Structure formats: structure tokens, C-alpha cells
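Peer 1: Pasting input22.cif below, which is mmCIF, C-alpha atoms and all ligand atoms.
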```cif
data_target
#
loop_
_atom_site.label_atom_id
_atom_site.label_comp_id
_atom_site.auth_asym_id
_atom_site.auth_seq_id
_atom_site.Cartn_x
_atom_site.Cartn_y
_atom_site.Cartn_z
CA MET L 818 -9.46 -20.20 10.89
CA PRO L 819 -12.83 -18.63 10.03
CA PRO L 820 -13.67 -18.37 6.29
CA PHE L 821 -13.20 -14.59 6.29
CA ARG L 822 -10.39 -12.45 7.68
CA ILE L 823 -10.21 -8.67 7.96
CA GLY L 824 -6.94 -6.75 7.91
CA HIS L 825 -6.04 -3.11 8.44
CA GLY L 826 -2.96 -1.35 7.14
CA TYR L 827 -1.61 2.13 7.73
CA ASP L 828 1.43 4.02 6.53
CA LEU L 829 2.80 7.54 6.57
CA HIS L 830 5.84 8.93 4.81
CA ARG L 831 7.35 12.36 5.06
CA LEU L 832 7.41 14.23 1.75
CA GLU L 833 10.47 16.27 0.80
CA PRO L 834 11.65 17.94 -2.40
CA LEU L 835 13.13 15.41 -4.81
CA GLU L 836 16.82 14.61 -4.59
CA PRO L 837 19.22 16.42 -4.70
CA GLU L 838 17.30 19.44 -3.27
CA GLY L 839 15.77 17.21 -0.58
CA ARG L 840 15.68 13.55 0.31
CA GLY L 841 12.45 12.77 -1.50
CA ARG L 842 12.42 9.78 -3.79
CA PRO L 843 10.34 9.88 -7.00
CA CYS L 844 6.67 9.98 -5.98
CA VAL L 845 5.34 6.44 -6.59
CA LEU L 846 1.95 5.48 -5.17
CA GLY L 847 0.45 2.05 -5.73
CA GLY L 848 3.23 1.39 -8.23
CA ILE L 849 2.20 4.41 -10.35
CA GLN L 850 4.66 7.29 -10.73
CA PHE L 851 3.33 10.83 -10.21
CA ASP L 852 4.95 13.92 -11.67
CA HIS L 853 5.33 15.86 -8.44
CA PRO L 854 8.16 18.08 -7.11
CA ALA L 855 8.15 16.27 -3.76
CA GLY L 856 8.37 12.59 -2.91
CA PRO L 857 8.51 10.23 0.04
CA VAL L 858 11.48 9.86 2.32
CA GLY L 859 12.03 6.18 2.93
CA HIS L 860 14.51 3.32 3.03
CA SER L 861 12.73 1.52 0.19
CA ASP L 862 11.06 3.35 -2.72
CA GLY L 863 8.65 4.82 -0.14
CA ASP L 864 5.44 3.66 -1.84
CA ALA L 865 3.05 4.27 1.08
CA VAL L 866 0.10 2.68 -0.74
CA LEU L 867 1.90 -0.61 -1.34
CA HIS L 868 3.27 -0.57 2.22
CA ALA L 869 -0.20 -0.13 3.73
CA VAL L 870 -1.74 -2.78 1.44
CA THR L 871 1.08 -5.19 2.34
CA ASP L 872 0.47 -4.60 6.06
CA ALA L 873 -3.29 -5.06 5.67
CA LEU L 874 -2.77 -8.44 3.95
CA LEU L 875 -0.22 -9.58 6.54
CA GLY L 876 -2.39 -8.32 9.39
CA ALA L 877 -5.40 -10.26 8.14
CA ILE L 878 -3.56 -13.56 8.61
CA GLY L 879 -1.76 -12.48 11.78
CA GLU L 880 1.71 -12.50 10.22
CA PRO L 881 4.59 -10.16 11.16
CA ASP L 882 4.26 -6.67 9.67
CA ILE L 883 6.28 -5.19 6.82
CA GLY L 884 8.80 -3.59 9.18
CA GLN L 885 9.51 -6.94 10.80
CA LEU L 886 9.78 -8.87 7.51
CA PHE L 887 11.78 -6.20 5.69
CA PRO L 888 13.69 -4.12 8.30
CA ASP L 889 14.72 -0.64 7.20
CA THR L 890 18.17 -1.41 8.62
CA ASP L 891 18.74 -4.03 5.90
CA PRO L 892 20.87 -2.52 3.09
CA GLN L 893 19.30 -5.06 0.71
CA HIS L 894 16.05 -3.04 0.83
CA GLU L 895 17.66 0.36 0.13
CA GLY L 896 15.57 1.88 -2.67
CA GLN L 897 13.70 -1.44 -3.00
CA ASN L 898 10.70 -1.62 -5.33
CA SER L 899 7.85 -2.19 -2.86
CA VAL L 900 6.16 -4.63 -5.25
CA ILE L 901 8.56 -7.18 -3.71
CA PHE L 902 6.92 -6.65 -0.30
CA LEU L 903 3.42 -6.90 -1.75
CA HIS L 904 4.18 -10.11 -3.57
CA GLU L 905 5.55 -11.68 -0.39
CA ALA L 906 2.30 -10.78 1.42
CA VAL L 907 0.23 -12.29 -1.42
CA ARG L 908 2.38 -15.42 -1.30
CA ARG L 909 1.73 -15.73 2.44
CA ILE L 910 -2.05 -15.33 2.22
CA THR L 911 -2.15 -17.88 -0.62
CA THR L 912 -0.07 -20.32 1.41
CA ARG L 913 -2.53 -19.94 4.28
CA GLY L 914 -5.43 -20.81 1.94
CA PHE L 915 -6.86 -17.32 1.42
CA ARG L 916 -7.46 -15.01 -1.52
CA LEU L 917 -8.32 -11.34 -1.66
CA GLY L 918 -12.02 -10.60 -1.25
CA ASN L 919 -11.83 -6.85 -1.59
CA LEU L 920 -9.55 -3.98 -0.74
CA ASP L 921 -10.49 -0.40 0.19
CA ILE L 922 -7.75 2.25 0.27
CA THR L 923 -7.82 5.87 1.44
CA VAL L 924 -4.89 8.09 0.42
CA ILE L 925 -4.64 11.38 2.32
CA CYS L 926 -2.50 14.19 0.90
CA GLU L 927 -2.86 17.69 -0.52
CA ARG L 928 -0.76 16.90 -3.60
CA PRO L 929 -0.45 15.01 -5.85
CA LYS L 930 -4.13 14.73 -6.70
CA ILE L 931 -5.20 11.09 -6.59
CA GLY L 932 -8.56 11.43 -8.37
CA PRO L 933 -7.29 11.79 -11.96
CA ARG L 934 -5.06 8.67 -11.58
CA ARG L 935 -7.50 6.67 -9.46
CA ASP L 936 -8.69 4.26 -12.14
CA GLU L 937 -5.16 3.65 -13.39
CA MET L 938 -4.00 2.95 -9.81
CA CYS L 939 -6.85 0.48 -9.19
CA THR L 940 -6.21 -1.36 -12.44
CA HIS L 941 -2.49 -1.57 -11.74
CA LEU L 942 -3.01 -2.76 -8.16
CA ALA L 943 -5.46 -5.42 -9.32
CA SER L 944 -2.83 -6.70 -11.76
CA LEU L 945 -0.18 -6.78 -9.02
CA LEU L 946 -2.55 -8.60 -6.68
CA GLY L 947 -3.92 -10.97 -9.32
CA CYS L 948 -7.53 -10.00 -8.56
CA ASP L 949 -10.40 -8.37 -10.42
CA ARG L 950 -10.37 -4.61 -10.91
CA ALA L 951 -13.76 -4.46 -9.20
CA ASP L 952 -12.23 -5.78 -5.96
CA VAL L 953 -9.92 -2.79 -5.54
CA ASN L 954 -11.08 0.68 -4.51
CA ILE L 955 -9.05 3.86 -3.91
CA LYS L 956 -10.24 7.17 -2.49
CA GLY L 957 -8.20 10.35 -2.40
CA LYS L 958 -8.78 12.88 0.39
CA THR L 959 -7.07 16.03 1.59
CA HIS L 960 -6.25 16.91 5.19
CA GLU L 961 -7.96 20.30 4.86
CA GLY L 962 -4.66 22.16 5.11
CA VAL L 963 -4.02 21.26 8.73
CA ASP L 964 -1.15 19.40 10.36
CA ALA L 965 1.82 17.93 8.51
CA VAL L 966 -0.31 16.07 5.96
CA GLY L 967 -2.37 19.17 5.24
CA GLU L 968 0.79 21.25 4.86
CA GLY L 969 2.09 18.84 2.21
CA ARG L 970 4.89 17.52 4.41
CA ALA L 971 3.56 13.96 4.62
CA ILE L 972 1.32 11.45 2.93
CA GLU L 973 -0.88 9.03 4.84
CA VAL L 974 -2.62 5.83 3.69
CA HIS L 975 -5.27 3.67 5.35
CA VAL L 976 -6.30 0.26 3.99
CA VAL L 977 -8.93 -2.29 4.92
CA VAL L 978 -8.89 -5.71 3.30
CA MET L 979 -11.12 -8.74 3.46
CA LEU L 980 -9.74 -12.18 2.67
CA VAL L 981 -11.86 -15.18 1.72
CA SER L 982 -10.75 -18.75 2.37
CA ALA L 983 -10.46 -21.19 -0.50
CA ASP L 984 -12.75 -23.52 1.52
CA ALA L 985 -15.50 -20.88 1.51
CA ASP L 986 -15.11 -20.57 -2.28
CA ALA L 987 -15.43 -24.34 -2.67
CA LYS L 988 -18.64 -24.46 -0.59
CA ASP L 989 -20.01 -21.53 -2.58
CA GLY L 990 -19.24 -23.36 -5.80
CA SER L 991 -17.28 -20.36 -7.14
MG MG R 1 6.27 2.81 4.55
#
```
If you convert what's in this file into C-alpha cells, what do you get?

Peer 2:
Amino acid sequence: MPPFRIGHGYDLHRLEPLEPEGRGRPCVLGGIQFDHPAGPVGHSDGDAVLHAVTDALLGAIGEPDIGQLFPDTDPQHEGQNSVIFLHEAVRRITTRGFRLGNLDITVICERPKIGPRRDEMCTHLASLLGCDRADVNIKGKTHEGVDAVGEGRAIEVHVVVMLVSADADAKDGS
């Protein structure tokens, strides 16, 4: 394998009013809970940020995606904390001799506002991933009021990740 690998992850979850008014689960993004009257509909906890990051890591090493590893038909994953999925992806990249180089995340939604929690999310993600805070970036964007995301009925996340091989680190002396 080359010393660098790039991965892309994407996820979208519908947002509904919180249970019992709707089917929305508490709004958790990147493992951080937001006080918001709507939340994601999903088999697991619906954390779209962790799902997209997990898929980016798995994609970078050409492994099966999150839906293949953790099928939403498996009752074991009902309401599952998505940190479990992330940790499995980290375990797999480590096994293949890679570590995270850097991670860039774009969260698209009208609400909740990402900006005020951005630093907290990056710090928390870095701790979950076992990397430096400086290697994790998150941007919040709106969908300008159009389509389902813009109407607050869904949240969308895009992630790009670069992995570095342990061999490249050794040659670099780092
Ligand atoms: Mg998902």
C-alpha cells in the first residue's frame, strides 16, 4: 500500500421531533449532545458525524462500510452508541499499519448551530480518535433554506480523511 491513503465519508439522517412526539433520538453529533427539539431518526443513536467519520476511515483502507459491518437489521445495534463503530474503524486502520493524518468534516444543517460547539466537538473527536486536536477540523454550514436539509428535516455530513502509514512515520523519523 502507498504511504498515504485518502478516505471519504458521507451520511444523512432525517430529523424529527424528539420521542414521543416524533421518532427523533436525542441530537448527538460527534459524541456531543445538543439541546435541540429535533433529533436524528436512526437504528443506532443516529450520530451522523461519527457515522461519516467511521465510513471515511474504513473507505481509506478499502474495508466494508459501516452499513455492512453493523447492519441496521441487527437488534444488537438498536440505539447503539456510535463510538463503538468509530473505535472498530480505528482498530482496523491501526491493524493495517496506518494512523490518522488529518480529518476535515463539514456538517450541513439549519439547526442546531455547529459553530458555538465546534471547538468542543473537535476536542472530543480527537480524544475518541487518539489524535491531536490540531488534526481534526469541523465546519458548520447551512443549506440556505432549500430542500430537506434547508427545511430542517435532515442533517448531512461530509468527511475527508488522510491516513499516514507507520512506515512513512519511521522514515520521517517522527
Ligand atoms: Mg448514519

Peer 1: Figure out the distance between CA of Ile972 (chain L) and CA of His830 (chain L), please, to one decimal in Å.

Peer 2: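 The value is 5.5 Å.
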
Peer 1: Quick one: pull the distance between CA of Ile922 (chain L) and CA of Gly824 (chain L), Å, one decimal.

Peer 2: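 Here the two named atoms are 11.8 Å from each other.
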
Peer 1: Figure out the distance between CA of Val978 (chain L) and CA of Leu874 (chain L), please, to one decimal in Å.

Peer 2: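 According to the coordinates, CA of Leu874 (chain L) and CA of Val978 (chain L) are separated by 6.7 Å.
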
Peer 1: Let me see if you get this right: every residue at most 6 Å from ligand MG 1 (chain R), counting all atoms listed in the file, written as number ranges by chain.

Peer 2: L: 828, 863, 865, 868

Peer 1: Go through L:Glu905, L:Asp889, L:Asp921, L:Glu833 and flag the residue nearest Ala951 (chain L), using only C-alpha atoms for the distances.

Peer 2: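 For Ala951 (chain L), the nearest of the candidates is L:Asp921.
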
Peer 1: Mind giving me the axis-aligned box for region 847-861 of chain L with 3 Å on every side, centre plus edges in Å to one decimal, as lines of an AutoDock Vina configuration file?

Peer 2:
```
center_x = 7.5
center_y = 9.7
center_z = -4.3
size_x = 20.1
size_y = 22.7
size_z = 20.7
```
